[in-house]
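Shown below: target-v6.json, with JSON, N, CA, C and O atoms.
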[["chain", "number", "residue", "atom", "x", "y", "z"],
["V", 1376, "MET", "N", -5.29, 14.30, 3.24],
["V", 1376, "MET", "CA", -5.92, 14.07, 4.53],
["V", 1376, "MET", "C", -4.87, 13.46, 5.46],
["V", 1376, "MET", "O", -4.34, 12.38, 5.21],
["V", 1377, "GLN", "N", -4.61, 14.16, 6.54],
["V", 1377, "GLN", "CA", -3.54, 13.79, 7.46],
["V", 1377, "GLN", "C", -3.74, 12.41, 8.08],
["V", 1377, "GLN", "O", -2.77, 11.70, 8.34],
["V", 1378, "VAL", "N", -4.97, 12.01, 8.29],
["V", 1378, "VAL", "CA", -5.21, 10.71, 8.94],
["V", 1378, "VAL", "C", -4.65, 9.56, 8.09],
["V", 1378, "VAL", "O", -4.12, 8.59, 8.63],
["V", 1379, "ILE", "N", -4.72, 9.67, 6.79],
["V", 1379, "ILE", "CA", -4.19, 8.61, 5.93],
["V", 1379, "ILE", "C", -2.67, 8.58, 6.02],
["V", 1379, "ILE", "O", -2.06, 7.51, 6.12],
["V", 1380, "VAL", "N", -2.05, 9.74, 6.01],
["V", 1380, "VAL", "CA", -0.60, 9.82, 6.15],
["V", 1380, "VAL", "C", -0.17, 9.22, 7.49],
["V", 1380, "VAL", "O", 0.77, 8.42, 7.56],
["V", 1381, "ASP", "N", -0.87, 9.59, 8.56],
["V", 1381, "ASP", "CA", -0.55, 9.06, 9.89],
["V", 1381, "ASP", "C", -0.72, 7.54, 9.93],
["V", 1381, "ASP", "O", 0.07, 6.83, 10.55],
["V", 1382, "TYR", "N", -1.77, 7.05, 9.28],
["V", 1382, "TYR", "CA", -2.02, 5.61, 9.26],
["V", 1382, "TYR", "C", -0.90, 4.88, 8.52],
["V", 1382, "TYR", "O", -0.40, 3.86, 8.98],
["V", 1383, "ILE", "N", -0.48, 5.43, 7.38],
["V", 1383, "ILE", "CA", 0.60, 4.81, 6.63],
["V", 1383, "ILE", "C", 1.88, 4.77, 7.47],
["V", 1383, "ILE", "O", 2.57, 3.75, 7.51],
["V", 1384, "HIS", "N", 2.18, 5.87, 8.15],
["V", 1384, "HIS", "CA", 3.36, 5.90, 9.01],
["V", 1384, "HIS", "C", 3.26, 4.86, 10.13],
["V", 1384, "HIS", "O", 4.26, 4.21, 10.47],
["V", 1385, "MET", "N", 2.07, 4.71, 10.70],
["V", 1385, "MET", "CA", 1.88, 3.73, 11.75],
["V", 1385, "MET", "C", 2.10, 2.31, 11.20],
["V", 1385, "MET", "O", 2.79, 1.50, 11.82],
["V", 1386, "LEU", "N", 1.56, 2.03, 10.03],
["V", 1386, "LEU", "CA", 1.74, 0.71, 9.42],
["V", 1386, "LEU", "C", 3.21, 0.44, 9.14],
["V", 1386, "LEU", "O", 3.70, -0.68, 9.38],
["V", 1387, "GLN", "N", 3.93, 1.44, 8.65],
["V", 1387, "GLN", "CA", 5.35, 1.26, 8.38],
["V", 1387, "GLN", "C", 6.12, 1.02, 9.68],
["V", 1387, "GLN", "O", 7.02, 0.18, 9.73],
["V", 1388, "ARG", "N", 5.75, 1.73, 10.74],
["V", 1388, "ARG", "CA", 6.40, 1.52, 12.04],
["V", 1388, "ARG", "C", 6.14, 0.11, 12.53],
["V", 1388, "ARG", "O", 7.04, -0.57, 13.04],
["V", 1389, "TRP", "N", 4.90, -0.36, 12.39],
["V", 1389, "TRP", "CA", 4.58, -1.72, 12.81],
["V", 1389, "TRP", "C", 5.40, -2.75, 12.03],
["V", 1389, "TRP", "O", 5.85, -3.74, 12.60],
["V", 1390, "GLN", "N", 5.59, -2.52, 10.75],
["V", 1390, "GLN", "CA", 6.40, -3.46, 9.97],
["V", 1390, "GLN", "C", 7.82, -3.51, 10.51],
["V", 1390, "GLN", "O", 8.43, -4.58, 10.54],
["V", 1391, "ASP", "N", 8.35, -2.37, 10.89],
["V", 1391, "ASP", "CA", 9.71, -2.33, 11.44],
["V", 1391, "ASP", "C", 9.78, -2.94, 12.84],
["V", 1391, "ASP", "O", 10.63, -3.77, 13.13],
["V", 1392, "GLU", "N", 8.88, -2.50, 13.72],
["V", 1392, "GLU", "CA", 8.92, -2.92, 15.13],
["V", 1392, "GLU", "C", 8.58, -4.39, 15.32],
["V", 1392, "GLU", "O", 9.11, -5.05, 16.23],
["V", 1393, "TYR", "N", 7.68, -4.90, 14.51],
["V", 1393, "TYR", "CA", 7.18, -6.26, 14.71],
["V", 1393, "TYR", "C", 7.63, -7.23, 13.62],
["V", 1393, "TYR", "O", 7.04, -8.30, 13.46],
["V", 1394, "ALA", "N", 8.66, -6.84, 12.88],
["V", 1394, "ALA", "CA", 9.19, -7.73, 11.83],
["V", 1394, "ALA", "C", 9.63, -9.05, 12.45],
["V", 1394, "ALA", "O", 10.14, -9.07, 13.58],
["V", 1395, "PRO", "N", 9.43, -10.13, 11.75],
["V", 1395, "PRO", "CA", 9.84, -11.44, 12.28],
["V", 1395, "PRO", "C", 11.33, -11.49, 12.56],
["V", 1395, "PRO", "O", 12.14, -10.95, 11.80],
["V", 1396, "GLN", "N", 11.67, -12.11, 13.63],
["V", 1396, "GLN", "CA", 13.06, -12.29, 14.04],
["V", 1396, "GLN", "C", 13.41, -13.78, 13.88],
["V", 1396, "GLN", "O", 12.52, -14.63, 13.91],
["V", 1397, "PRO", "N", 14.70, -14.07, 13.73],
["V", 1397, "PRO", "CA", 15.08, -15.48, 13.64],
["V", 1397, "PRO", "C", 14.53, -16.25, 14.85],
["V", 1397, "PRO", "O", 14.62, -15.79, 15.98],
["V", 1398, "GLY", "N", 13.91, -17.35, 14.57],
["V", 1398, "GLY", "CA", 13.35, -18.18, 15.63],
["V", 1398, "GLY", "C", 11.88, -17.93, 15.90],
["V", 1398, "GLY", "O", 11.25, -18.68, 16.63],
["V", 1399, "ASP", "N", 11.31, -16.87, 15.34],
["V", 1399, "ASP", "CA", 9.88, -16.61, 15.52],
["V", 1399, "ASP", "C", 9.08, -17.68, 14.78],
["V", 1399, "ASP", "O", 9.33, -17.95, 13.60],
["V", 1400, "ASP", "N", 8.12, -18.25, 15.48],
["V", 1400, "ASP", "CA", 7.28, -19.26, 14.85],
["V", 1400, "ASP", "C", 6.08, -18.65, 14.13],
["V", 1400, "ASP", "O", 5.60, -19.20, 13.16],
["V", 1401, "GLU", "N", 5.61, -17.51, 14.63],
["V", 1401, "GLU", "CA", 4.43, -16.87, 14.05],
["V", 1401, "GLU", "C", 4.71, -15.40, 13.79],
["V", 1401, "GLU", "O", 5.54, -14.79, 14.46],
["V", 1402, "LEU", "N", 3.97, -14.85, 12.83],
["V", 1402, "LEU", "CA", 4.07, -13.43, 12.54],
["V", 1402, "LEU", "C", 3.21, -12.66, 13.53],
["V", 1402, "LEU", "O", 2.09, -13.08, 13.84],
["V", 1403, "HIS", "N", 3.71, -11.54, 14.01],
["V", 1403, "HIS", "CA", 2.95, -10.69, 14.91],
["V", 1403, "HIS", "C", 1.76, -10.10, 14.13],
["V", 1403, "HIS", "O", 1.91, -9.69, 12.99],
["V", 1404, "PRO", "N", 0.56, -10.05, 14.73],
["V", 1404, "PRO", "CA", -0.62, -9.53, 14.03],
["V", 1404, "PRO", "C", -0.44, -8.09, 13.52],
["V", 1404, "PRO", "O", -0.97, -7.74, 12.47],
["V", 1405, "LEU", "N", 0.30, -7.26, 14.25],
["V", 1405, "LEU", "CA", 0.50, -5.88, 13.79],
["V", 1405, "LEU", "C", 1.46, -5.82, 12.60],
["V", 1405, "LEU", "O", 1.31, -4.96, 11.73],
["V", 1406, "PHE", "N", 2.41, -6.73, 12.54],
["V", 1406, "PHE", "CA", 3.26, -6.84, 11.35],
["V", 1406, "PHE", "C", 2.41, -7.23, 10.15],
["V", 1406, "PHE", "O", 2.54, -6.65, 9.07],
["V", 1407, "VAL", "N", 1.53, -8.19, 10.34],
["V", 1407, "VAL", "CA", 0.67, -8.65, 9.25],
["V", 1407, "VAL", "C", -0.24, -7.51, 8.79],
["V", 1407, "VAL", "O", -0.36, -7.25, 7.59],
["V", 1408, "GLU", "N", -0.86, -6.81, 9.75],
["V", 1408, "GLU", "CA", -1.73, -5.69, 9.37],
["V", 1408, "GLU", "C", -0.94, -4.62, 8.63],
["V", 1408, "GLU", "O", -1.40, -4.08, 7.62],
["V", 1409, "GLY", "N", 0.25, -4.31, 9.14],
["V", 1409, "GLY", "CA", 1.09, -3.30, 8.48],
["V", 1409, "GLY", "C", 1.43, -3.69, 7.06],
["V", 1409, "GLY", "O", 1.47, -2.84, 6.17],
["V", 1410, "THR", "N", 1.65, -4.96, 6.84],
["V", 1410, "THR", "CA", 2.01, -5.44, 5.51],
["V", 1410, "THR", "C", 0.80, -5.47, 4.58],
["V", 1410, "THR", "O", 0.88, -5.02, 3.43],
["V", 1411, "LEU", "N", -0.33, -5.97, 5.07],
["V", 1411, "LEU", "CA", -1.49, -6.16, 4.21],
["V", 1411, "LEU", "C", -2.24, -4.87, 3.89],
["V", 1411, "LEU", "O", -2.80, -4.74, 2.80],
["V", 1412, "LYS", "N", -2.28, -3.94, 4.81],
["V", 1412, "LYS", "CA", -3.15, -2.77, 4.62],
["V", 1412, "LYS", "C", -2.44, -1.55, 4.03],
["V", 1412, "LYS", "O", -3.09, -0.59, 3.64],
["V", 1413, "GLN", "N", -1.13, -1.63, 3.93],
["V", 1413, "GLN", "CA", -0.39, -0.47, 3.45],
["V", 1413, "GLN", "C", -0.70, -0.13, 1.98],
["V", 1413, "GLN", "O", -0.87, 1.04, 1.63],
["V", 1414, "GLU", "N", -0.80, -1.13, 1.16],
["V", 1414, "GLU", "CA", -1.07, -0.88, -0.26],
["V", 1414, "GLU", "C", -2.40, -0.15, -0.46],
["V", 1414, "GLU", "O", -2.49, 0.78, -1.26],
["V", 1415, "TYR", "N", -3.44, -0.58, 0.27],
["V", 1415, "TYR", "CA", -4.75, 0.08, 0.13],
["V", 1415, "TYR", "C", -4.69, 1.52, 0.65],
["V", 1415, "TYR", "O", -5.29, 2.42, 0.05],
["V", 1416, "ALA", "N", -3.96, 1.75, 1.72],
["V", 1416, "ALA", "CA", -3.83, 3.12, 2.25],
["V", 1416, "ALA", "C", -3.14, 4.01, 1.21],
["V", 1416, "ALA", "O", -3.54, 5.16, 1.01],
["V", 1417, "TRP", "N", -2.12, 3.48, 0.55],
["V", 1417, "TRP", "CA", -1.47, 4.24, -0.51],
["V", 1417, "TRP", "C", -2.44, 4.50, -1.66],
["V", 1417, "TRP", "O", -2.41, 5.57, -2.28],
["V", 1418, "TYR", "N", -3.28, 3.53, -1.96],
["V", 1418, "TYR", "CA", -4.31, 3.72, -3.00],
["V", 1418, "TYR", "C", -5.22, 4.89, -2.62],
["V", 1418, "TYR", "O", -5.53, 5.74, -3.46],
["V", 1419, "LEU", "N", -5.65, 4.93, -1.35],
["V", 1419, "LEU", "CA", -6.50, 6.04, -0.92],
["V", 1419, "LEU", "C", -5.77, 7.37, -1.06],
["V", 1419, "LEU", "O", -6.38, 8.37, -1.45],
["V", 1420, "MET", "N", -4.48, 7.38, -0.75],
["V", 1420, "MET", "CA", -3.71, 8.61, -0.94],
["V", 1420, "MET", "C", -3.71, 9.03, -2.40],
["V", 1420, "MET", "O", -3.83, 10.22, -2.70],
["V", 1421, "SER", "N", -3.61, 8.08, -3.31],
["V", 1421, "SER", "CA", -3.63, 8.44, -4.73],
["V", 1421, "SER", "C", -5.00, 9.00, -5.12],
["V", 1421, "SER", "O", -5.08, 9.91, -5.95],
["V", 1422, "GLN", "N", -6.06, 8.47, -4.53],
["V", 1422, "GLN", "CA", -7.39, 9.01, -4.79],
["V", 1422, "GLN", "C", -7.51, 10.42, -4.25],
["V", 1422, "GLN", "O", -8.15, 11.28, -4.85],
["V", 1423, "LEU", "N", -6.91, 10.65, -3.10],
["V", 1423, "LEU", "CA", -6.93, 11.97, -2.50],
["V", 1423, "LEU", "C", -6.17, 12.96, -3.37],
["V", 1423, "LEU", "O", -6.56, 14.12, -3.50],
["V", 1424, "ASP", "N", -5.09, 12.52, -3.98],
["V", 1424, "ASP", "CA", -4.33, 13.38, -4.90],
["V", 1424, "ASP", "C", -5.20, 13.85, -6.06],
["V", 1424, "ASP", "O", -5.00, 14.94, -6.59],
["V", 1425, "ASP", "N", -6.17, 13.02, -6.42],
["V", 1425, "ASP", "CA", -7.09, 13.37, -7.50],
["V", 1425, "ASP", "C", -8.39, 13.95, -6.96],
["V", 1425, "ASP", "O", -9.41, 13.95, -7.64],
["V", 1426, "SER", "N", -8.36, 14.47, -5.73],
["V", 1426, "SER", "CA", -9.59, 14.88, -5.06],
["V", 1426, "SER", "C", -10.28, 16.05, -5.74],
["V", 1426, "SER", "O", -11.47, 16.26, -5.56],
["V", 1427, "LEU", "N", -9.55, 16.83, -6.54],
["V", 1427, "LEU", "CA", -10.21, 17.91, -7.26],
["V", 1427, "LEU", "C", -11.23, 17.34, -8.25],
["V", 1427, "LEU", "O", -12.25, 17.95, -8.52],
["V", 1428, "GLU", "N", -10.92, 16.16, -8.77],
["V", 1428, "GLU", "CA", -11.86, 15.48, -9.66],
["V", 1428, "GLU", "C", -12.84, 14.62, -8.87],
["V", 1428, "GLU", "O", -13.83, 14.17, -9.41],
["V", 1429, "HIS", "N", -12.56, 14.43, -7.60],
["V", 1429, "HIS", "CA", -13.36, 13.55, -6.75],
["V", 1429, "HIS", "C", -13.80, 14.30, -5.49],
["V", 1429, "HIS", "O", -13.31, 14.04, -4.40],
["V", 1430, "PRO", "N", -14.73, 15.25, -5.62],
["V", 1430, "PRO", "CA", -15.09, 16.08, -4.47],
["V", 1430, "PRO", "C", -15.79, 15.32, -3.36],
["V", 1430, "PRO", "O", -15.95, 15.83, -2.26],
["V", 1431, "TYR", "N", -16.16, 14.10, -3.60],
["V", 1431, "TYR", "CA", -16.89, 13.32, -2.59],
["V", 1431, "TYR", "C", -16.01, 12.25, -1.96],
["V", 1431, "TYR", "O", -16.49, 11.20, -1.53],
["V", 1432, "PHE", "N", -14.72, 12.53, -1.88],
["V", 1432, "PHE", "CA", -13.77, 11.57, -1.34],
["V", 1432, "PHE", "C", -14.20, 11.03, 0.02],
["V", 1432, "PHE", "O", -14.25, 9.82, 0.24],
["V", 1433, "TYR", "N", -14.50, 11.93, 0.96],
["V", 1433, "TYR", "CA", -14.86, 11.49, 2.30],
["V", 1433, "TYR", "C", -16.14, 10.67, 2.28],
["V", 1433, "TYR", "O", -16.26, 9.68, 2.99],
["V", 1434, "ASP", "N", -17.11, 11.07, 1.45],
["V", 1434, "ASP", "CA", -18.35, 10.30, 1.35],
["V", 1434, "ASP", "C", -18.08, 8.87, 0.87],
["V", 1434, "ASP", "O", -18.70, 7.92, 1.35],
["V", 1435, "LEU", "N", -17.15, 8.74, -0.06],
["V", 1435, "LEU", "CA", -16.84, 7.42, -0.60],
["V", 1435, "LEU", "C", -16.05, 6.54, 0.37],
["V", 1435, "LEU", "O", -16.23, 5.34, 0.42],
["V", 1436, "TYR", "N", -15.16, 7.17, 1.15],
["V", 1436, "TYR", "CA", -14.21, 6.41, 1.95],
["V", 1436, "TYR", "C", -14.34, 6.68, 3.45],
["V", 1436, "TYR", "O", -13.41, 6.41, 4.20],
["V", 1437, "HIS", "N", -15.48, 7.18, 3.88],
["V", 1437, "HIS", "CA", -15.61, 7.56, 5.30],
["V", 1437, "HIS", "C", -15.42, 6.38, 6.25],
["V", 1437, "HIS", "O", -14.85, 6.54, 7.32],
["V", 1438, "LYS", "N", -15.84, 5.19, 5.87],
["V", 1438, "LYS", "CA", -15.66, 4.04, 6.76],
["V", 1438, "LYS", "C", -14.18, 3.73, 6.97],
["V", 1438, "LYS", "O", -13.75, 3.47, 8.09],
["V", 1439, "GLU", "N", -13.41, 3.77, 5.89],
["V", 1439, "GLU", "CA", -11.98, 3.52, 6.00],
["V", 1439, "GLU", "C", -11.31, 4.61, 6.84],
["V", 1439, "GLU", "O", -10.49, 4.31, 7.71],
["V", 1440, "ILE", "N", -11.66, 5.86, 6.59],
["V", 1440, "ILE", "CA", -11.05, 6.98, 7.32],
["V", 1440, "ILE", "C", -11.36, 6.86, 8.82],
["V", 1440, "ILE", "O", -10.47, 7.04, 9.66],
["V", 1441, "GLU", "N", -12.59, 6.54, 9.14],
["V", 1441, "GLU", "CA", -12.97, 6.39, 10.55],
["V", 1441, "GLU", "C", -12.23, 5.22, 11.20],
["V", 1441, "GLU", "O", -11.81, 5.30, 12.35],
["V", 1442, "GLU", "N", -12.05, 4.14, 10.46],
["V", 1442, "GLU", "CA", -11.29, 3.00, 10.98],
["V", 1442, "GLU", "C", -9.83, 3.38, 11.20],
["V", 1442, "GLU", "O", -9.23, 3.01, 12.21],
["V", 1443, "TYR", "N", -9.25, 4.12, 10.28],
["V", 1443, "TYR", "CA", -7.88, 4.59, 10.43],
["V", 1443, "TYR", "C", -7.75, 5.46, 11.68],
["V", 1443, "TYR", "O", -6.80, 5.31, 12.45],
["V", 1444, "GLU", "N", -8.69, 6.37, 11.85],
["V", 1444, "GLU", "CA", -8.66, 7.24, 13.04],
["V", 1444, "GLU", "C", -8.72, 6.42, 14.32],
["V", 1444, "GLU", "O", -8.00, 6.69, 15.28],
["V", 1445, "ARG", "N", -9.57, 5.40, 14.33],
["V", 1445, "ARG", "CA", -9.71, 4.55, 15.51],
["V", 1445, "ARG", "C", -8.41, 3.77, 15.78],
["V", 1445, "ARG", "O", -7.94, 3.70, 16.92],
["V", 1446, "ARG", "N", -7.81, 3.21, 14.73],
["V", 1446, "ARG", "CA", -6.57, 2.44, 14.89],
["V", 1446, "ARG", "C", -5.44, 3.32, 15.40],
["V", 1446, "ARG", "O", -4.66, 2.92, 16.24],
["V", 1447, "ILE", "N", -5.35, 4.54, 14.87],
["V", 1447, "ILE", "CA", -4.31, 5.48, 15.31],
["V", 1447, "ILE", "C", -4.53, 5.84, 16.78],
["V", 1447, "ILE", "O", -3.58, 5.84, 17.57],
["V", 1448, "LYS", "N", -5.76, 6.11, 17.15],
["V", 1448, "LYS", "CA", -6.08, 6.45, 18.54],
["V", 1448, "LYS", "C", -5.73, 5.28, 19.46],
["V", 1448, "LYS", "O", -5.09, 5.47, 20.50],
["V", 1449, "ASP", "N", -6.13, 4.08, 19.08],
["V", 1449, "ASP", "CA", -5.83, 2.89, 19.89],
["V", 1449, "ASP", "C", -4.32, 2.69, 20.03],
["V", 1449, "ASP", "O", -3.82, 2.35, 21.11],
["V", 1450, "ASP", "N", -3.59, 2.90, 18.94],
["V", 1450, "ASP", "CA", -2.14, 2.73, 18.95],
["V", 1450, "ASP", "C", -1.50, 3.74, 19.91],
["V", 1450, "ASP", "O", -0.61, 3.40, 20.66],
["V", 1451, "ARG", "N", -1.98, 4.97, 19.86],
["V", 1451, "ARG", "CA", -1.43, 6.00, 20.74],
["V", 1451, "ARG", "C", -1.73, 5.69, 22.20],
["V", 1451, "ARG", "O", -0.89, 5.89, 23.08],
["V", 1452, "LEU", "N", -2.93, 5.18, 22.46],
["V", 1452, "LEU", "CA", -3.27, 4.81, 23.84],
["V", 1452, "LEU", "C", -2.40, 3.66, 24.32],
["V", 1452, "LEU", "O", -1.91, 3.66, 25.45],
["V", 1453, "ASP", "N", -2.21, 2.66, 23.46],
["V", 1453, "ASP", "CA", -1.36, 1.52, 23.82],
["V", 1453, "ASP", "C", 0.08, 1.97, 24.08],
["V", 1453, "ASP", "O", 0.72, 1.51, 25.00],
["V", 1454, "SER", "N", 0.58, 2.88, 23.23],
["V", 1454, "SER", "CA", 1.95, 3.38, 23.41],
["V", 1454, "SER", "C", 2.10, 4.16, 24.69],
["V", 1454, "SER", "O", 3.14, 4.10, 25.34],
["V", 1455, "ALA", "N", 1.06, 4.89, 25.07],
["V", 1455, "ALA", "CA", 1.13, 5.68, 26.30],
["V", 1455, "ALA", "C", 1.16, 4.81, 27.55],
["V", 1455, "ALA", "O", 1.70, 5.21, 28.57],
["V", 1456, "HIS", "N", 0.61, 3.61, 27.46],
["V", 1456, "HIS", "CA", 0.56, 2.69, 28.61],
["V", 1456, "HIS", "C", 1.78, 1.81, 28.73],
["V", 1456, "HIS", "O", 1.91, 1.04, 29.66],
["V", 1457, "GLU", "N", 2.68, 1.88, 27.73],
["V", 1457, "GLU", "CA", 3.88, 1.03, 27.77],
["V", 1457, "GLU", "C", 4.97, 1.67, 28.60],
["V", 1457, "GLU", "O", 5.08, 2.79, 28.83]]

Would it be possible to restate this file's structure as structure tokens?
Amino acid sequence: MQVIVDYIHMLQRWQDEYAPQPGDDELHPLFVEGTLKQEYAWYLMSQLDDSLEHPYFYDLYHKEIEEYERRIKDDRLDSAHE
């Protein structure tokens, strides 16, 4: 499912773009999200790899997929306004 791949790429980009720099007192929220949510997104990808055994993948994970779609859309809108 392309949305999961896109989400993982977005999280990785956030980790790179918002990585803490010397002198930063706080971590950027997008860096934190990129760090914390990447492992679960990879887990979903592994479930998708086994989707032949799991024909109800979307039924099981539709909330996560919809959230990923929303985050990607919001990120693209934010990038377009910069």

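Put simply, CA of Tyr1382 (chain V) is 12.8 Å away from CA of Leu1411 (chain V).
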
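Atom pair atom N of Ser1421 (chain V) / atom N of Glu1444 (chain V): separated by 16.1 Å.
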
Check: Got a sec: who's within 7 Å of Pro1404 (chain V), counting only N, CA, C and O atoms, leaving out chain neighbours fewer than 5 positions off, as a VMD selection string?
Finding: chain V and resid 1393 1409 to 1410

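With distances taken over all atoms listed in the file, V:Leu1419 is the one residue among V:His1456, V:Asp1399, V:Leu1419, V:Arg1446 lying closest to Ile1379 (chain V).
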
Margin query: I'd like the interatomic distance between atom N of Glu1414 (chain V) and CA of Asp1434 (chain V), to a tenth of an Å.
Written below: 20.9 Å

Residue contacts of region 1386-1391 of chain V (10 Å, only C-alpha atoms) excluding same-chain residues fewer than 3 positions away, as a PDB file with N, CA, C and O atoms, keeping the file's coordinate frame:
ATOM      1  N   VAL V1380      -2.050   9.740   6.010  1.00  0.00           N
ATOM      2  CA  VAL V1380      -0.600   9.820   6.150  1.00  0.00           C
ATOM      3  C   VAL V1380      -0.170   9.220   7.490  1.00  0.00           C
ATOM      4  O   VAL V1380       0.770   8.420   7.560  1.00  0.00           O
ATOM      5  N   ASP V1381      -0.870   9.590   8.560  1.00  0.00           N
ATOM      6  CA  ASP V1381      -0.550   9.060   9.890  1.00  0.00           C
ATOM      7  C   ASP V1381      -0.720   7.540   9.930  1.00  0.00           C
ATOM      8  O   ASP V1381       0.070   6.830  10.550  1.00  0.00           O
ATOM      9  N   TYR V1382      -1.770   7.050   9.280  1.00  0.00           N
ATOM     10  CA  TYR V1382      -2.020   5.610   9.260  1.00  0.00           C
ATOM     11  C   TYR V1382      -0.900   4.880   8.520  1.00  0.00           C
ATOM     12  O   TYR V1382      -0.400   3.860   8.980  1.00  0.00           O
ATOM     13  N   ILE V1383      -0.480   5.430   7.380  1.00  0.00           N
ATOM     14  CA  ILE V1383       0.600   4.810   6.630  1.00  0.00           C
ATOM     15  C   ILE V1383       1.880   4.770   7.470  1.00  0.00           C
ATOM     16  O   ILE V1383       2.570   3.750   7.510  1.00  0.00           O
ATOM     17  N   ALA V1394       8.660  -6.840  12.880  1.00  0.00           N
ATOM     18  CA  ALA V1394       9.190  -7.730  11.830  1.00  0.00           C
ATOM     19  C   ALA V1394       9.630  -9.050  12.450  1.00  0.00           C
ATOM     20  O   ALA V1394      10.140  -9.070  13.580  1.00  0.00           O
ATOM     21  N   PRO V1395       9.430 -10.130  11.750  1.00  0.00           N
ATOM     22  CA  PRO V1395       9.840 -11.440  12.280  1.00  0.00           C
ATOM     23  C   PRO V1395      11.330 -11.490  12.560  1.00  0.00           C
ATOM     24  O   PRO V1395      12.140 -10.950  11.800  1.00  0.00           O
ATOM     25  N   HIS V1403       3.710 -11.540  14.010  1.00  0.00           N
ATOM     26  CA  HIS V1403       2.950 -10.690  14.910  1.00  0.00           C
ATOM     27  C   HIS V1403       1.760 -10.100  14.130  1.00  0.00           C
ATOM     28  O   HIS V1403       1.910  -9.690  12.990  1.00  0.00           O
ATOM     29  N   PRO V1404       0.560 -10.050  14.730  1.00  0.00           N
ATOM     30  CA  PRO V1404      -0.620  -9.530  14.030  1.00  0.00           C
ATOM     31  C   PRO V1404      -0.440  -8.090  13.520  1.00  0.00           C
ATOM     32  O   PRO V1404      -0.970  -7.740  12.470  1.00  0.00           O
ATOM     33  N   LEU V1405       0.300  -7.260  14.250  1.00  0.00           N
ATOM     34  CA  LEU V1405       0.500  -5.880  13.790  1.00  0.00           C
ATOM     35  C   LEU V1405       1.460  -5.820  12.600  1.00  0.00           C
ATOM     36  O   LEU V1405       1.310  -4.960  11.730  1.00  0.00           O
ATOM     37  N   PHE V1406       2.410  -6.730  12.540  1.00  0.00           N
ATOM     38  CA  PHE V1406       3.260  -6.840  11.350  1.00  0.00           C
ATOM     39  C   PHE V1406       2.410  -7.230  10.150  1.00  0.00           C
ATOM     40  O   PHE V1406       2.540  -6.650   9.070  1.00  0.00           O
ATOM     41  N   VAL V1407       1.530  -8.190  10.340  1.00  0.00           N
ATOM     42  CA  VAL V1407       0.670  -8.650   9.250  1.00  0.00           C
ATOM     43  C   VAL V1407      -0.240  -7.510   8.790  1.00  0.00           C
ATOM     44  O   VAL V1407      -0.360  -7.250   7.590  1.00  0.00           O
ATOM     45  N   GLU V1408      -0.860  -6.810   9.750  1.00  0.00           N
ATOM     46  CA  GLU V1408      -1.730  -5.690   9.370  1.00  0.00           C
ATOM     47  C   GLU V1408      -0.940  -4.620   8.630  1.00  0.00           C
ATOM     48  O   GLU V1408      -1.400  -4.080   7.620  1.00  0.00           O
ATOM     49  N   GLY V1409       0.250  -4.310   9.140  1.00  0.00           N
ATOM     50  CA  GLY V1409       1.090  -3.300   8.480  1.00  0.00           C
ATOM     51  C   GLY V1409       1.430  -3.690   7.060  1.00  0.00           C
ATOM     52  O   GLY V1409       1.470  -2.840   6.170  1.00  0.00           O
ATOM     53  N   THR V1410       1.650  -4.960   6.840  1.00  0.00           N
ATOM     54  CA  THR V1410       2.010  -5.440   5.510  1.00  0.00           C
ATOM     55  C   THR V1410       0.800  -5.470   4.580  1.00  0.00           C
ATOM     56  O   THR V1410       0.880  -5.020   3.430  1.00  0.00           O
ATOM     57  N   LEU V1411      -0.330  -5.970   5.070  1.00  0.00           N
ATOM     58  CA  LEU V1411      -1.490  -6.160   4.210  1.00  0.00           C
ATOM     59  C   LEU V1411      -2.240  -4.870   3.890  1.00  0.00           C
ATOM     60  O   LEU V1411      -2.800  -4.740   2.800  1.00  0.00           O
ATOM     61  N   LYS V1412      -2.280  -3.940   4.810  1.00  0.00           N
ATOM     62  CA  LYS V1412      -3.150  -2.770   4.620  1.00  0.00           C
ATOM     63  C   LYS V1412      -2.440  -1.550   4.030  1.00  0.00           C
ATOM     64  O   LYS V1412      -3.090  -0.590   3.640  1.00  0.00           O
ATOM     65  N   GLN V1413      -1.130  -1.630   3.930  1.00  0.00           N
ATOM     66  CA  GLN V1413      -0.390  -0.470   3.450  1.00  0.00           C
ATOM     67  C   GLN V1413      -0.700  -0.130   1.980  1.00  0.00           C
ATOM     68  O   GLN V1413      -0.870   1.040   1.630  1.00  0.00           O
ATOM     69  N   ALA V1416      -3.960   1.750   1.720  1.00  0.00           N
ATOM     70  CA  ALA V1416      -3.830   3.120   2.250  1.00  0.00           C
ATOM     71  C   ALA V1416      -3.140   4.010   1.210  1.00  0.00           C
ATOM     72  O   ALA V1416      -3.540   5.160   1.010  1.00  0.00           O
ATOM     73  N   ILE V1447      -5.350   4.540  14.870  1.00  0.00           N
ATOM     74  CA  ILE V1447      -4.310   5.480  15.310  1.00  0.00           C
ATOM     75  C   ILE V1447      -4.530   5.840  16.780  1.00  0.00           C
ATOM     76  O   ILE V1447      -3.580   5.840  17.570  1.00  0.00           O
TER      77      ILE V1447
END

Item checked: helix (DSSP H, G or I) residues, from DSSP on the backbone, in chain V, as number ranges by chain -> V: 1377-1392, 1404-1424, 1432-1455

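Every protein or nucleic acid residue with an atom no more than 12 Å from Lys1448 (chain V), counting only C-alpha atoms and leaving out same-chain residues fewer than 5 positions away, appears here: V:Val1378, V:Asp1381, V:Tyr1382, V:Met1385, V:Glu1441, V:Glu1442, V:Tyr1443, V:Asp1453, V:Ser1454, V:Ala1455.
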
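Residues surrounding Tyr1433 (chain V) within 12 Å are Met1376, Val1378, Ile1379, Leu1419, Met1420, Gln1422, Leu1423, Ser1426, His1429, His1437, Lys1438, Glu1439, Ile1440 and Glu1441 of chain V [only C-alpha atoms; sequence separation below 4 positions excluded].
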